[in-house]
Amino acid sequence: MLDVAGVSLTVDGAEHFDHRFAAGEITVVLGANHAGKTDLCRLIAGLHTCARGEIRLDDSDLDGLKPQQRSVSLVYQAFVNYPNLTVAENIASPLRARRMTAAARRNRVNQLATMLQIADLLERYPHELSGGQQQRLAIARALAKDARALLLDEPLVNLDFKLREALEYELRDLLRSTDTVVIYTSSDPRDAFALGDQVLLLEGGRKVQAGTPIEVYRRPINFVAMELLAEPCINRFTRAGKTCALRPEHVTVGGDVDAANMIRFDMSVTACETNGDDSFIHGRVDECDWVVRSYGMQEVRAGSLLSLYARTADVVSF
Amino acid sequence: MSSFKPHNNRAWLGVLPVVLIVAFSAVIPLMTVVNYSVQDILDLNTRFFVGFEWYRETLNDPRFLAAFLRQVVFSLTVLMIEIPLGIAVAKSIPKTGRLTPFILILLALPLLIPWNVVATIWQIFARPDIGLLGVGVNALGISYNYTAEPLHAWLTLVAMDVWHWTSLVVLLTFAGLTSIPLPFYQAAELDGANRWQLFTLVELPRLRGVLIIAVLLRLMDSFMIYTEPFVLTGGGPGNATTFLSQHLATMAVGQFDLGPAAAFSVIYFLFILLFCWLFYTTVVKRDES
């Protein structure tokens with residue numbers, strides 16, 4: 001268990017941050033750029049210090065401990081490996097600092113390399129590996145330390161889409177089988193659902209909401225929380241003097257007009273894009289910019305008028 | 001798109017300016033030297049073709065061989081001092097800080113001074129009668145006179161070259177160091193790497209590129225050194241600090257032995273080329289394997 005209490009993730013130190021990360025669970029820390037995700041990782045790892053607050057790992061205070069004295073390992077967004085060491089030597093690097101015997105080291109290296117599917121690359125150098133393999137190596141190195149807390153700071157951002165998905169599913173099984181505290185930062189809500197046992201929403205160095213992804217998705221405490229778990233963004237409107245919002249996936253084009261539990265909106269379309277699976281129709285409803293997610297490849301011309309429907313039960317307001 | 005032709009001979013016109021410039025700046029002068037090197041020139045109208053006679057003679061000339069040996073020893077000495085010293089100085093400069101720009105400017109100063117001014121400064125600085133260094137060293141009880149003692153002349157020359165050129169290595173290395181992203185340091189710190197491991201495993205591999213350039217530049221430049229020893233020691237005492245280019249100048253300008261001097265120049269040129277090629281290919285080959 002990792003207990004972070006009273007620390008500050010902003011430069012001016014104005015905001016307090018408290019959270020308890022449970023062991024054996026993956027906590028996805030979700031936030032936009034500069035929300036404090038990387039700062040949180042660096043604070044826990046001891047790479048920079050905070051004048052205030054305390055960080056306790058399994059009931060021992062980490063304050064004053066150097067990074068290598070903390071049982072924490074970190075995987076970066078960039079592929080960080082030692083360029084002039086082979087894959088095997090790279091994985092062994094944290095073990096070497098701990099004076100493990102050569103035989104035990106070899107065993108551990110083989111075990112980790114097999115786990116991350118780089119066992120046939122042990123004699124290669126990092127620059128001879130693909131991006132995905134380099135990041136597998138970096139993860140193997142981080143796991144080699146056998147730390148009580150494993151921090152992954154947007155580890156898959158620099159990988160291409162297909163590889164990211166494959167590695168994401170592998171990582172989930174790999175990380176769930178350990179009883180360490182796993183913190184995985186991301187700015188993509190999909191990561192929260194794909195990986196997270198828990199999700200922690202961050203904004204401006206402040207904790208917005210935490211809970212299981214489904215909980216947070218179903219019951220956001222405010223629009224910020226709703227926005228952070230929305231893909232691509234939420235649609236706001238005013239109803240009876242109150243600001244309300246709908247997730248893009250809850251709005252449909254066409255539908256049962258007369259049903260009592262449905263609301264109708266008129267949108268003037270400004271643009272339409274598709275990612276192959278879904279189409280995103282951008283437009284304006286009253287004075288607000290909306291995005292509607294519609295299944296399949298849709299072609300809607302800019303300037304046309306669309307009737308949208310949503311269930312009243314899906315409307316969120318505070 | 002139908003007007004596109006895969007071959008268009010007019011493109012050669014675009015290369016023409018470069019061909020002309022390179023021809024006048026490098027190829028033609030070089031070929032003139034090659035032309036001289038196979039002739040015995042008594043005066044401009046009396047010439048004999050002598051084939052490779054001058055090359056044979058130069059390569060068997062003990063004065064050439066001695067100057068060559070001195071040159072190699074000098075170049076290796078300054079390289080072995082300037083590269084490690086440059087790296088050490090670069091590492092001790094704070095990467096960010098208010099003083100950093102001033103330190104960099106201060107370091108760049110020796111590079112801005114004309115070479116014979118550098119030599120003149122040191123010539124006066126090291127004089128045993130009036131120079132700060134010369135008088136100071138002698139006052140410590142160490143007898144020092146670079147105009148009389150070959151070893152002292154060498155030490156003075158090496159010290160001057162180190163003073164003059166270490167800054168170049170520092171600036172290149174510093175640029176290389178600042179381009180290493182922070183996560184690489186942090187990851188090593190988390191692994192528990194000590195300072196030496198941090199240097200050999202994180203910094204040195206990423207300084208490879210700039211260090212190759214630094215070694216190549218210093219190798220070529222020190223191999224061609226002329227002005228500084230010419231002004232400082234005049235090649236003396238005796239021939240103790242007569243390096244290749246000064247030997248060549250004596251032959252070509254002093255004695256007007258155009259043929260042998262030309263042969264010498266070609267050999268000299270080929271040696272520098274060979275050195276740099278050997279260094280570069282061994283280093284680059286290791287990169288590719």
# chains A, B, ... in the order shown; residues from 1 in each chain; ligands from 1

call {"tool": "interface_residues", "arguments": {"of": "chain A", "to": "chain B", "cutoff": "6 Å", "atoms": "only C-alpha atoms", "output": "count of residues only"}}
result
5

call {"tool": "residues_around", "arguments": {"residues": "range 274-282 of chain B", "least_positions_apart": "4", "cutoff": "8 Å", "atoms": "only C-alpha atoms", "output": "list in words"}}
result
Ile212, Leu216, Leu219, Met220, Leu270 and Arg286 of chain B

call {"tool": "write_last_selection", "arguments": {"atoms": "C-alpha atoms", "output": "mmCIF file, in the first residue's frame"}}
result
data_model
loop_
_atom_site.group_PDB
_atom_site.id
_atom_site.type_symbol
_atom_site.label_atom_id
_atom_site.label_comp_id
_atom_site.auth_asym_id
_atom_site.auth_seq_id
_atom_site.Cartn_x
_atom_site.Cartn_y
_atom_site.Cartn_z
ATOM 1 C CA ILE B 212 34.331 11.444 -32.633
ATOM 2 C CA LEU B 216 38.915 14.138 -35.609
ATOM 3 C CA LEU B 219 43.813 15.135 -34.733
ATOM 4 C CA MET B 220 43.735 16.985 -38.052
ATOM 5 C CA LEU B 270 47.812 11.244 -47.639
ATOM 6 C CA ARG B 286 31.840 -0.612 -34.478
#

call {"tool": "closest_residue", "arguments": {"among": "A:Pro248, A:Gly46, A:Gly211, A:Gly196", "to": "Ile234 in chain A", "atoms": "only C-alpha atoms"}}
result
A:Pro248

call {"tool": "residues_around", "arguments": {"residues": "range 132-142 of chain B", "least_positions_apart": "4", "cutoff": "12 Å", "atoms": "only C-alpha atoms", "output": "list in words"}}
result
Ile121, Trp122, Gln123, Ile124, Phe125, Ala126, Arg127, Pro128, Tyr146, Thr147, His152, Ala153, Thr156, Ala159 and Met160 of chain B

call {"tool": "residues_around", "arguments": {"residues": "Val11 in chain A", "least_positions_apart": "5", "cutoff": "10 Å", "atoms": "only C-alpha atoms", "output": "ChimeraX atom specification"}}
result
/A:36,39,205

call {"tool": "write_last_selection", "arguments": {"atoms": "C-alpha atoms", "output": "PDB file, in the first residue's frame"}}
result
ATOM      1  CA  GLY A  36       0.684  16.588 -12.322  1.00  0.00           C
ATOM      2  CA  ASP A  39       5.258  15.067 -10.897  1.00  0.00           C
ATOM      3  CA  GLY A 205      -2.420  19.026  -9.429  1.00  0.00           C
TER       4      GLY A 205
END

call {"tool": "closest_residue", "arguments": {"among": "B:Leu107, B:Val72, B:Ala148, B:Val117", "to": "Met224 in chain B", "atoms": "only C-alpha atoms"}}
result
B:Val72

call {"tool": "residues_around", "arguments": {"residues": "Ile83 in chain B", "least_positions_apart": "3", "cutoff": "9 Å", "atoms": "only C-alpha atoms", "output": "list in words"}}
result
Val78, Leu79, Met80, Gly86, Ile87, Ala88, Thr166, Val169, Val170, Leu211, Ala214, Val215 and Arg218 of chain B

call {"tool": "atom_distance", "arguments": {"atom1": "CA of Glu123 in chain A", "atom2": "CA of Asn90 in chain A"}}
result
10.3 Å

call {"tool": "residues_around", "arguments": {"residues": "Phe79 in chain A", "least_positions_apart": "5", "cutoff": "7 Å", "atoms": "only C-alpha atoms", "output": "ChimeraX atom specification"}}
result
/A:134-135,138

call {"tool": "write_last_selection", "arguments": {"atoms": "C-alpha atoms", "output": "PDB file, in the first residue's frame"}}
result
ATOM      1  CA  GLN A 134      12.733  -1.402 -26.382  1.00  0.00           C
ATOM      2  CA  GLN A 135       9.808  -0.572 -24.139  1.00  0.00           C
ATOM      3  CA  ALA A 138      12.494  -1.013 -20.119  1.00  0.00           C
TER       4      ALA A 138
END

call {"tool": "select_by_dssp", "arguments": {"residues": "range 61-287 of chain B", "states": "helix (DSSP H, G or I)", "output": "JSON, numbers by chain"}}
result
{"B": [62, 63, 64, 65, 66, 67, 68, 69, 70, 71, 72, 73, 74, 75, 76, 77, 78, 79, 80, 81, 82, 83, 84, 85, 86, 87, 88, 89, 90, 91, 92, 100, 101, 102, 103, 104, 105, 106, 107, 108, 109, 110, 111, 112, 115, 116, 117, 118, 119, 120, 121, 122, 123, 124, 125, 132, 133, 134, 135, 136, 137, 138, 139, 150, 151, 152, 153, 154, 155, 156, 157, 158, 159, 160, 161, 162, 163, 164, 165, 166, 167, 168, 169, 170, 171, 172, 173, 174, 175, 176, 177, 178, 182, 183, 184, 185, 186, 187, 188, 189, 190, 191, 195, 196, 197, 198, 199, 200, 201, 202, 203, 204, 205, 206, 207, 208, 209, 210, 211, 212, 213, 214, 215, 216, 217, 218, 219, 220, 221, 222, 223, 227, 228, 229, 230, 231, 232, 244, 245, 246, 247, 248, 249, 250, 251, 252, 253, 254, 258, 259, 260, 261, 262, 263, 264, 265, 266, 267, 268, 269, 270, 271, 272, 273, 274, 275, 276, 277, 278, 279, 280, 281, 282, 283, 284, 285, 286, 287]}

call {"tool": "atom_distance", "arguments": {"atom1": "CA of Asp61 in chain A", "atom2": "CA of Phe21 in chain A"}}
result
14.8 Å

call {"tool": "closest_residue", "arguments": {"among": "B:Ala261, B:Val22, B:Ile103, B:Leu111", "to": "His247 in chain B", "atoms": "only C-alpha atoms"}}
result
B:Ala261

call {"tool": "atom_distance", "arguments": {"atom1": "CA of Ala140 in chain A", "atom2": "CA of Val87 in chain A"}}
result
9.7 Å

call {"tool": "closest_residue", "arguments": {"among": "A:Leu74, A:Ile55, A:Leu306, A:Leu9", "to": "Gly204 in chain A", "atoms": "only C-alpha atoms"}}
result
A:Leu9

call {"tool": "decode", "arguments": {"residues": "range 95-137 of chain A", "atoms": "N, CA and C atoms", "output": "PDB file, in the first residue's frame"}}
result
ATOM      1  N   LEU A  95      19.837  -5.456 -10.741  1.00  0.00           N
ATOM      2  CA  LEU A  95      20.242  -6.582  -9.892  1.00  0.00           C
ATOM      3  C   LEU A  95      21.708  -6.463  -9.521  1.00  0.00           C
ATOM      4  N   ARG A  96      22.492  -5.936 -10.478  1.00  0.00           N
ATOM      5  CA  ARG A  96      23.919  -5.815 -10.252  1.00  0.00           C
ATOM      6  C   ARG A  96      24.207  -4.874  -9.089  1.00  0.00           C
ATOM      7  N   ALA A  97      23.410  -3.777  -9.057  1.00  0.00           N
ATOM      8  CA  ALA A  97      23.615  -2.813  -7.976  1.00  0.00           C
ATOM      9  C   ALA A  97      23.277  -3.431  -6.623  1.00  0.00           C
ATOM     10  N   ARG A  98      22.492  -4.538  -6.638  1.00  0.00           N
ATOM     11  CA  ARG A  98      22.113  -5.159  -5.372  1.00  0.00           C
ATOM     12  C   ARG A  98      22.975  -6.365  -5.012  1.00  0.00           C
ATOM     13  N   ARG A  99      24.045  -6.569  -5.783  1.00  0.00           N
ATOM     14  CA  ARG A  99      25.015  -7.636  -5.503  1.00  0.00           C
ATOM     15  C   ARG A  99      24.365  -9.009  -5.432  1.00  0.00           C
ATOM     16  N   MET A 100      23.629  -9.355  -6.460  1.00  0.00           N
ATOM     17  CA  MET A 100      23.033 -10.678  -6.548  1.00  0.00           C
ATOM     18  C   MET A 100      24.077 -11.604  -7.174  1.00  0.00           C
ATOM     19  N   THR A 101      24.033 -12.880  -6.875  1.00  0.00           N
ATOM     20  CA  THR A 101      25.008 -13.799  -7.478  1.00  0.00           C
ATOM     21  C   THR A 101      24.706 -13.956  -8.964  1.00  0.00           C
ATOM     22  N   ALA A 102      25.754 -14.332  -9.715  1.00  0.00           N
ATOM     23  CA  ALA A 102      25.629 -14.399 -11.163  1.00  0.00           C
ATOM     24  C   ALA A 102      24.547 -15.389 -11.594  1.00  0.00           C
ATOM     25  N   ALA A 103      24.472 -16.526 -10.917  1.00  0.00           N
ATOM     26  CA  ALA A 103      23.510 -17.560 -11.302  1.00  0.00           C
ATOM     27  C   ALA A 103      22.080 -17.087 -11.044  1.00  0.00           C
ATOM     28  N   ALA A 104      21.872 -16.479  -9.879  1.00  0.00           N
ATOM     29  CA  ALA A 104      20.543 -15.987  -9.537  1.00  0.00           C
ATOM     30  C   ALA A 104      20.121 -14.883 -10.498  1.00  0.00           C
ATOM     31  N   ARG A 105      21.130 -14.089 -10.880  1.00  0.00           N
ATOM     32  CA  ARG A 105      20.863 -12.994 -11.792  1.00  0.00           C
ATOM     33  C   ARG A 105      20.413 -13.526 -13.150  1.00  0.00           C
ATOM     34  N   ARG A 106      21.142 -14.561 -13.606  1.00  0.00           N
ATOM     35  CA  ARG A 106      20.822 -15.137 -14.913  1.00  0.00           C
ATOM     36  C   ARG A 106      19.402 -15.702 -14.914  1.00  0.00           C
ATOM     37  N   ASN A 107      19.063 -16.381 -13.842  1.00  0.00           N
ATOM     38  CA  ASN A 107      17.718 -16.950 -13.721  1.00  0.00           C
ATOM     39  C   ASN A 107      16.650 -15.884 -13.828  1.00  0.00           C
ATOM     40  N   ARG A 108      16.869 -14.830 -13.050  1.00  0.00           N
ATOM     41  CA  ARG A 108      15.887 -13.741 -12.996  1.00  0.00           C
ATOM     42  C   ARG A 108      15.762 -13.072 -14.366  1.00  0.00           C
ATOM     43  N   VAL A 109      16.905 -12.859 -15.029  1.00  0.00           N
ATOM     44  CA  VAL A 109      16.892 -12.227 -16.349  1.00  0.00           C
ATOM     45  C   VAL A 109      16.097 -13.080 -17.324  1.00  0.00           C
ATOM     46  N   ASN A 110      16.365 -14.401 -17.307  1.00  0.00           N
ATOM     47  CA  ASN A 110      15.652 -15.283 -18.229  1.00  0.00           C
ATOM     48  C   ASN A 110      14.155 -15.287 -17.959  1.00  0.00           C
ATOM     49  N   GLN A 111      13.828 -15.292 -16.678  1.00  0.00           N
ATOM     50  CA  GLN A 111      12.418 -15.321 -16.309  1.00  0.00           C
ATOM     51  C   GLN A 111      11.697 -14.060 -16.803  1.00  0.00           C
ATOM     52  N   LEU A 112      12.336 -12.905 -16.571  1.00  0.00           N
ATOM     53  CA  LEU A 112      11.721 -11.637 -16.977  1.00  0.00           C
ATOM     54  C   LEU A 112      11.648 -11.515 -18.488  1.00  0.00           C
ATOM     55  N   ALA A 113      12.724 -11.959 -19.160  1.00  0.00           N
ATOM     56  CA  ALA A 113      12.753 -11.848 -20.624  1.00  0.00           C
ATOM     57  C   ALA A 113      11.679 -12.730 -21.230  1.00  0.00           C
ATOM     58  N   THR A 114      11.461 -13.913 -20.647  1.00  0.00           N
ATOM     59  CA  THR A 114      10.415 -14.801 -21.153  1.00  0.00           C
ATOM     60  C   THR A 114       9.049 -14.156 -20.947  1.00  0.00           C
ATOM     61  N   MET A 115       8.881 -13.583 -19.751  1.00  0.00           N
ATOM     62  CA  MET A 115       7.616 -12.945 -19.424  1.00  0.00           C
ATOM     63  C   MET A 115       7.286 -11.829 -20.418  1.00  0.00           C
ATOM     64  N   LEU A 116       8.284 -11.076 -20.825  1.00  0.00           N
ATOM     65  CA  LEU A 116       8.036  -9.945 -21.712  1.00  0.00           C
ATOM     66  C   LEU A 116       8.341 -10.279 -23.172  1.00  0.00           C
ATOM     67  N   GLN A 117       8.534 -11.569 -23.440  1.00  0.00           N
ATOM     68  CA  GLN A 117       8.729 -12.042 -24.813  1.00  0.00           C
ATOM     69  C   GLN A 117       9.902 -11.393 -25.528  1.00  0.00           C
ATOM     70  N   ILE A 118      11.010 -11.241 -24.797  1.00  0.00           N
ATOM     71  CA  ILE A 118      12.224 -10.763 -25.456  1.00  0.00           C
ATOM     72  C   ILE A 118      13.364 -11.741 -25.187  1.00  0.00           C
ATOM     73  N   ALA A 119      12.997 -13.003 -24.867  1.00  0.00           N
ATOM     74  CA  ALA A 119      14.017 -13.987 -24.483  1.00  0.00           C
ATOM     75  C   ALA A 119      14.970 -14.307 -25.632  1.00  0.00           C
ATOM     76  N   ASP A 120      14.516 -14.173 -26.863  1.00  0.00           N
ATOM     77  CA  ASP A 120      15.401 -14.492 -27.992  1.00  0.00           C
ATOM     78  C   ASP A 120      16.248 -13.286 -28.414  1.00  0.00           C
ATOM     79  N   LEU A 121      16.151 -12.203 -27.664  1.00  0.00           N
ATOM     80  CA  LEU A 121      16.899 -10.988 -28.052  1.00  0.00           C
ATOM     81  C   LEU A 121      17.970 -10.649 -27.028  1.00  0.00           C
ATOM     82  N   LEU A 122      18.242 -11.570 -26.115  1.00  0.00           N
ATOM     83  CA  LEU A 122      19.090 -11.238 -24.965  1.00  0.00           C
ATOM     84  C   LEU A 122      20.469 -10.712 -25.315  1.00  0.00           C
ATOM     85  N   GLU A 123      21.021 -11.137 -26.458  1.00  0.00           N
ATOM     86  CA  GLU A 123      22.381 -10.726 -26.794  1.00  0.00           C
ATOM     87  C   GLU A 123      22.415  -9.454 -27.643  1.00  0.00           C
ATOM     88  N   ARG A 124      21.245  -8.937 -27.984  1.00  0.00           N
ATOM     89  CA  ARG A 124      21.224  -7.746 -28.836  1.00  0.00           C
ATOM     90  C   ARG A 124      21.432  -6.473 -28.021  1.00  0.00           C
ATOM     91  N   TYR A 125      21.640  -5.374 -28.757  1.00  0.00           N
ATOM     92  CA  TYR A 125      21.754  -4.071 -28.105  1.00  0.00           C
ATOM     93  C   TYR A 125      20.448  -3.294 -28.321  1.00  0.00           C
ATOM     94  N   PRO A 126      20.125  -2.381 -27.403  1.00  0.00           N
ATOM     95  CA  PRO A 126      18.849  -1.667 -27.499  1.00  0.00           C
ATOM     96  C   PRO A 126      18.571  -1.048 -28.873  1.00  0.00           C
ATOM     97  N   HIS A 127      19.625  -0.504 -29.521  1.00  0.00           N
ATOM     98  CA  HIS A 127      19.335   0.165 -30.798  1.00  0.00           C
ATOM     99  C   HIS A 127      19.012  -0.823 -31.914  1.00  0.00           C
ATOM    100  N   GLU A 128      19.199  -2.124 -31.633  1.00  0.00           N
ATOM    101  CA  GLU A 128      18.836  -3.123 -32.643  1.00  0.00           C
ATOM    102  C   GLU A 128      17.410  -3.634 -32.443  1.00  0.00           C
ATOM    103  N   LEU A 129      16.707  -3.056 -31.465  1.00  0.00           N
ATOM    104  CA  LEU A 129      15.350  -3.495 -31.183  1.00  0.00           C
ATOM    105  C   LEU A 129      14.338  -2.516 -31.759  1.00  0.00           C
ATOM    106  N   SER A 130      13.120  -3.002 -31.980  1.00  0.00           N
ATOM    107  CA  SER A 130      12.052  -2.092 -32.408  1.00  0.00           C
ATOM    108  C   SER A 130      11.578  -1.302 -31.194  1.00  0.00           C
ATOM    109  N   GLY A 131      10.762  -0.293 -31.440  1.00  0.00           N
ATOM    110  CA  GLY A 131      10.271   0.544 -30.334  1.00  0.00           C
ATOM    111  C   GLY A 131       9.540  -0.272 -29.278  1.00  0.00           C
ATOM    112  N   GLY A 132       8.686  -1.189 -29.733  1.00  0.00           N
ATOM    113  CA  GLY A 132       7.930  -2.014 -28.802  1.00  0.00           C
ATOM    114  C   GLY A 132       8.845  -2.882 -27.960  1.00  0.00           C
ATOM    115  N   GLN A 133       9.859  -3.445 -28.618  1.00  0.00           N
ATOM    116  CA  GLN A 133      10.797  -4.304 -27.889  1.00  0.00           C
ATOM    117  C   GLN A 133      11.617  -3.498 -26.903  1.00  0.00           C
ATOM    118  N   GLN A 134      11.965  -2.247 -27.305  1.00  0.00           N
ATOM    119  CA  GLN A 134      12.733  -1.402 -26.382  1.00  0.00           C
ATOM    120  C   GLN A 134      11.935  -1.104 -25.126  1.00  0.00           C
ATOM    121  N   GLN A 135      10.622  -0.878 -25.306  1.00  0.00           N
ATOM    122  CA  GLN A 135       9.808  -0.572 -24.139  1.00  0.00           C
ATOM    123  C   GLN A 135       9.571  -1.828 -23.305  1.00  0.00           C
ATOM    124  N   ARG A 136       9.478  -2.999 -23.961  1.00  0.00           N
ATOM    125  CA  ARG A 136       9.401  -4.255 -23.210  1.00  0.00           C
ATOM    126  C   ARG A 136      10.638  -4.411 -22.344  1.00  0.00           C
ATOM    127  N   LEU A 137      11.773  -4.061 -22.941  1.00  0.00           N
ATOM    128  CA  LEU A 137      13.031  -4.156 -22.190  1.00  0.00           C
ATOM    129  C   LEU A 137      13.009  -3.214 -20.990  1.00  0.00           C
TER     130      LEU A 137
END
